[in-house]
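In what follows, a single structure is set out as structure tokens and then discussed.
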Amino acid sequence: MSRELAKTYDPAGIEDRLYQKWLDKKYFHAEVDETKKPFTIVIPPPNITGQLHMGHALDETMQDILIRFKRMQGYNALWQPGTDHASIATEVRIINKLKEEGINKEDLGREGFLERAWAWKKEYGGTIVNQLKKLGSSCDWDRERFTMDEGCNRAVKEVFVKMYEKGYIYKGSRIINWCPVCNTSISDAEVEYEEQAGHFWHIRYPVLNEDGSESGEYLEFATTRPETMLGDTAVAVHPEDERYRHLIGKELMLPLMNRKIPVIADEYVDREFGTGVVKITPGHDPNDFEVGKRHDLPVINIMNDDATINANGGKFEGMDRYEARKAIVKELEEMGLLVGIEDHVHNVGTHDRCGTTVEPMVKAQWFVRMDELIKPAQQAVKKGEIRLVPESMQKNYFNWTDNIRDWCISRQLWWGHRIPAWYCADCGETVVSRTDPECCPKCGSRKLSQDPDTLDTWFSSALWPFSTLGWPDDTPELRYFYPTDVLVTGYDIIFFWVIRMIFSGYEQMGEKPFHTVLFHGLVRDAQGRKMSKSLGNGIDPLEIIAKYGADALRLTLVTGNAPGNDMRFYYEKVEANRNFANKIWNASRFIMMNLGETAPTKPAQEELAPADRWIISKANSLVRDVTENMEKYELGVAVQKIYDFIWDEFCDWYIEMVKPRLYEKEDAASRNAALYTLKSVLIDALKLLHPYMPFVTEEIFCTLQDEEESIMVSSWPLYTESKNYPEEEHAIETVKEAIRGIRNARTGLNVPPSKKAQVFVVSALEEKRSIFEKNRDFFRVLAYASEVHIQEDKSGIGEDAVSVVIADVNIYLPLGELVDIEKEAERLKKEEERLLGELKRVDGMLSNEKFLAKAPESKLAEERAKKEKYSRMLEQVREQISHLSGK
RNA sequence: GGGAUCAUAGCUCAGCUGGGAUGAGCGUCCGCUUGACGUGCGGGAGGUCACAGGUUCGAACCCUGUUGGUCCCACCA
């Protein structure tokens, strides 16, 4: 096999080719295998209407990292993919498309509409999936599911019927949020509150005498929505409000409608607010609805579904709600009942899909009773059975579970799961059934009609962790892969989805759906704004992939960002990561060039140079740290360590150190040891990096070696005690320190690398001199020296040499230029102060009983060693100071 | 109104349950045809970790308060 790579890494072509290979080899596919431990992630199903955006890209990348990591660790890793039918989003999209053709949905009829919808799904539903593939997502596509496929439909019906039978699902007339544009009810979670500038209209209603005549007294209040007065059925005051006590029980004349309404007393009224009087409209305000229930008030619905006034609105019938508002205010003013208008900013509920102001309306809808269901979901998080990462998300979670209200699940849409309830035209019986009933079980009538409504999209997604594994059937997959392991999602859908999956899991399966929820934040633009269509500031992940490669994008999305935090997207960051891909590419290219056609053989222990052992040892700790971080879901921290290791330690130091051994071919054993180490350390680093950058790592891996056919099914590196070489680590770090000192000095003295210099490395310590002696080549190469002299430092400061002091090593550069003695003295003084500070700190720790009792032995030893080191350094610095002052 | 969260280098952010500001990317300055890479190499400048107190031998990290920003929830008509 030829080991040649192009001079720069160009992801184009490579990525698609490798992805196809993985698909062909079925590497993504997971089968039930009792001999292996499963690791499962279910994808948050993207909407079929969706276009891949940065949010998806982040979400998928995190999941892919985890699943690839676990797969390499030897788990039987299943990433269960699928898409969501997204009832309202899709229905809106199709309606709009029909509109372009001049068709409205009713013309087509339900059947015809659904036909169009399925055709649409067939045409566009796969788009998002293909886009996910561009990212490198290692989903088991053989198991792809859809929330409205046959299995999911059965799961939905099963759950609906079961919960209905248990009394958890009921139909009731309650006040719900109505979207007049989408023409459907929506749940509380779908309402978004928006601050809007509005007004307070101060209005008064005349108080009536017992005989119905006007008493001349008025009751004044303020309202932000005067048009709802058409549906007023009372006016309320606080029961203990002295100002109005005498009016409680009396009647008022509702102007414009000429309806008598009572004055009632209810604690809901805040005496301090406004006039302490509230008009009560049970038909169009959730609070008023509750008040109405307590007082048995009639509920009057004054609006049609499109938010125009209906027949109950008298002469305002047919007007839009805002037109009616104007007209009503005008008439009240003419009647002298408008006391004043005041500017007021208030929160208005809008539909999160279309932005329309939501209208509270009383309608017969289906609900899920939450009080019982929520308990296990609450407990699970409280007891730590389900872990939220980051933990701070618990507050959010409990905020919702503690205040949960019944979930309105019926939608007046056609695209979705139709509610499995039928009504008997003859006896009025409601039949809820898994199968379509032929006749009424109560009266035998065949005049049954199915409820026209469909279910909230989230009803089916709530079942996703088990419906995708085959539930309600008792499948091997379900037994093996459930509960799943980690759910990765944005914190913005905790309420819509996460909570609902959790309680559904406990209710239907008797077990949690996953043990960990890993949250990520939003991807914002460079200015920190949300990416949105209206702002036009969205960045298309596919464009980034085309230009920089999926690897660079993936890395960009997971670095420098803690779980749950929002991040900003910078092109500069992507570029930096593209550069990193190129860096690895070139390091690998270099290694392959030197490898030639023969593979290096495993060297004997004693053939390994100190530098080899050093990098092996470093790589070994890297394996331990990275694995640990990844297991704690610290994906960004982990990859940062890999990045630093590859770029700094491996490329900038180790490869440079090894070059002389590669070029001087006399010592075959040494060359072989170097090549072997280069190759094996590179392979380990590639493996660690693979979950993050699957494509470059695979391409290099396959070119570099012939033993294994893919890095993605190779095994994760293991931390091995025997690969620890603390002595060599110490030695090479010492050498690095000295070399850095020389480089510094050279820069300070303005000596370019091309100008090779004699270098005197001088140390008072026998130990160091011997280390330098063993690694003297490095000085030549890395410090650009012509000659290297290692000498004992007897004087502290040399007599006729220029000296620069780095730590406790003196480096003499006989270049004929003198260092500024005063500056040097100043520097030494500072160094002395620093060391004194350090010693004080270490002493503090070592004399602290609590610390001594608690700290692990390794930490103690480390601190003691530091103490020694600092004392020694201090001694030397002081010696040098005295030498200098003697001059 | 309640709650959460953030404030660290010019910019964007890491900083692992108190122990050397350990830092990254970008930017900036100086210097490099060092035979993998200029998508590169070497070196530098730049931080009283928002402010004020407190706990501690020791605080960016814990507590209290202040200021400023972001977000979530909430019926104040």
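By order in the structure tokens, chains are A, B, ...; within a chain, residues start at 1; ligands start at 1, following the order shown.
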- With a cut-off of 10 Å and counting only C-alpha atoms (C1' of nucleotides), select all residues of chain B in contact with chain A and give the selection as JSON, numbers by chain. {"B": [3, 4, 5, 6, 12, 13, 14, 15, 16, 19, 20, 24, 25, 26, 30, 31, 32, 34, 35, 36, 37, 39, 40, 41, 42, 43, 44, 57, 58, 72, 73, 75, 76, 77]}
Selection export as a PDB file, in the first residue's frame, atoms kept: C-alpha atoms (C1' of nucleotides):
ATOM      1  C1'   G B   3     -36.087  32.177  39.809  1.00  0.00           C
ATOM      2  C1'   A B   4     -31.743  30.940  37.107  1.00  0.00           C
ATOM      3  C1'   U B   5     -27.259  32.301  35.034  1.00  0.00           C
ATOM      4  C1'   C B   6     -23.163  35.198  33.612  1.00  0.00           C
ATOM      5  C1'   U B  12     -15.060  35.130  21.989  1.00  0.00           C
ATOM      6  C1'   C B  13     -14.580  31.746  25.764  1.00  0.00           C
ATOM      7  C1'   A B  14     -12.309  27.309  28.875  1.00  0.00           C
ATOM      8  C1'   G B  15     -10.827  26.915  33.938  1.00  0.00           C
ATOM      9  C1'   C B  16     -12.476  19.547  36.436  1.00  0.00           C
ATOM     10  C1'   G B  19      -4.302  25.235  46.551  1.00  0.00           C
ATOM     11  C1'   G B  20       0.938  28.458  41.481  1.00  0.00           C
ATOM     12  C1'   A B  24      -7.239  28.282  24.213  1.00  0.00           C
ATOM     13  C1'   G B  25      -8.746  30.395  19.477  1.00  0.00           C
ATOM     14  C1'   C B  26      -8.699  34.907  16.925  1.00  0.00           C
ATOM     15  C1'   C B  30       9.060  41.078  16.779  1.00  0.00           C
ATOM     16  C1'   G B  31      11.884  37.410  14.229  1.00  0.00           C
ATOM     17  C1'   C B  32      12.227  33.067  10.793  1.00  0.00           C
ATOM     18  C1'   U B  34      14.815  24.943  10.338  1.00  0.00           C
ATOM     19  C1'   G B  35      14.436  19.266   4.273  1.00  0.00           C
ATOM     20  C1'   A B  36       5.543  17.511   7.196  1.00  0.00           C
ATOM     21  C1'   C B  37       2.798  21.812   7.272  1.00  0.00           C
ATOM     22  C1'   U B  39      -3.693  26.389   6.928  1.00  0.00           C
ATOM     23  C1'   G B  40       3.543  26.857   9.168  1.00  0.00           C
ATOM     24  C1'   C B  41       7.865  27.761  13.067  1.00  0.00           C
ATOM     25  C1'   G B  42      10.138  30.558  17.278  1.00  0.00           C
ATOM     26  C1'   G B  43       9.545  34.622  20.660  1.00  0.00           C
ATOM     27  C1'   G B  44       6.823  38.785  23.064  1.00  0.00           C
ATOM     28  C1'   C B  57      -3.260  29.309  56.360  1.00  0.00           C
ATOM     29  C1'   G B  58      -4.935  30.193  51.260  1.00  0.00           C
ATOM     30  C1'   C B  72     -36.770  31.140  32.019  1.00  0.00           C
ATOM     31  C1'   C B  73     -41.249  31.153  34.653  1.00  0.00           C
ATOM     32  C1'   C B  75     -52.911  35.775  35.800  1.00  0.00           C
ATOM     33  C1'   C B  76     -51.789  41.153  38.187  1.00  0.00           C
ATOM     34  C1'   A B  77     -57.043  42.749  35.308  1.00  0.00           C
TER      35        A B  77
END
- Task: Could you pull out the residues in range 672-821 of chain A that DSSP calls helix (DSSP H, G or I) from the backbone, as number ranges by chain?
- Result: A: 672-689, 694-704, 711-713, 721-723, 726-748, 766-774, 776-782, 821
- Task: Determine, counting only C-alpha atoms (C1' of nucleotides), which protein, DNA and RNA residues have an atom within 6 Å of an atom of range 45-50 of chain B; residues of the same chain fewer than 4 positions away are not included. Present the result as an NGL selection string.
- Result: :B and (7-9 or 60)
Next, the residues of the selection above should be written as a CSV table (one decimal), in the first residue's frame with N, CA, C and O atoms (P, O5', C5', C4', C3', O3' and C1' of nucleotides).
chain,number,residue,atom,x,y,z
B,7,A,P,-18.5,34.3,34.4
B,7,A,O5',-18.5,35.9,34.1
B,7,A,C5',-18.1,36.4,32.8
B,7,A,C4',-18.2,37.9,32.9
B,7,A,C3',-17.1,38.5,33.7
B,7,A,O3',-16.4,39.6,33.0
B,7,A,C1',-19.2,39.2,34.5
B,8,U,P,-15.3,39.2,32.0
B,8,U,O5',-14.3,38.4,32.8
B,8,U,C5',-13.4,39.1,33.7
B,8,U,C4',-12.1,38.3,33.8
B,8,U,C3',-11.4,38.1,32.5
B,8,U,O3',-10.6,39.2,32.1
B,8,U,C1',-11.5,36.0,33.6
B,9,A,P,-10.5,39.6,30.7
B,9,A,O5',-8.9,39.5,30.4
B,9,A,C5',-8.1,40.7,30.4
B,9,A,C4',-7.1,40.5,29.3
B,9,A,C3',-7.7,40.6,27.9
B,9,A,O3',-7.5,41.9,27.2
B,9,A,C1',-6.1,38.9,28.1
B,60,A,P,-8.3,34.5,43.9
B,60,A,O5',-9.3,34.7,42.6
B,60,A,C5',-10.3,35.7,42.6
B,60,A,C4',-11.4,35.3,41.6
B,60,A,C3',-12.3,34.2,42.2
B,60,A,O3',-13.4,34.7,42.9
B,60,A,C1',-11.6,33.6,40.0
- Rank nothing, just name the residue among A:Glu792, A:Glu787, A:Asp232, A:Glu195 nearest to Asn301 in chain A, using only C-alpha atoms.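 Nearest to Asn301 in chain A: A:Asp232.
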- Query: Arg93 in chain A: which residues within 12 Å, counting only C-alpha atoms (C1' of nucleotides), same-chain residues fewer than 5 positions away excluded, as a PyMOL selection string?
  - Reply: chain A and resi 47-50+85-88+98-100+105+116-117+120-121+124+182+353-354+415
- If we count only C-alpha atoms (C1' of nucleotides), what is near Tyr205 in chain A at a cut-off of 8 Å, once residues fewer than 6 positions away on the same chain are taken out, given as a list in words?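 Using only C-alpha atoms (C1' of nucleotides), the neighbours found are Tyr218, Leu219, Glu220, Leu252, Met253, Leu254, Pro255 and Leu337 of chain A.
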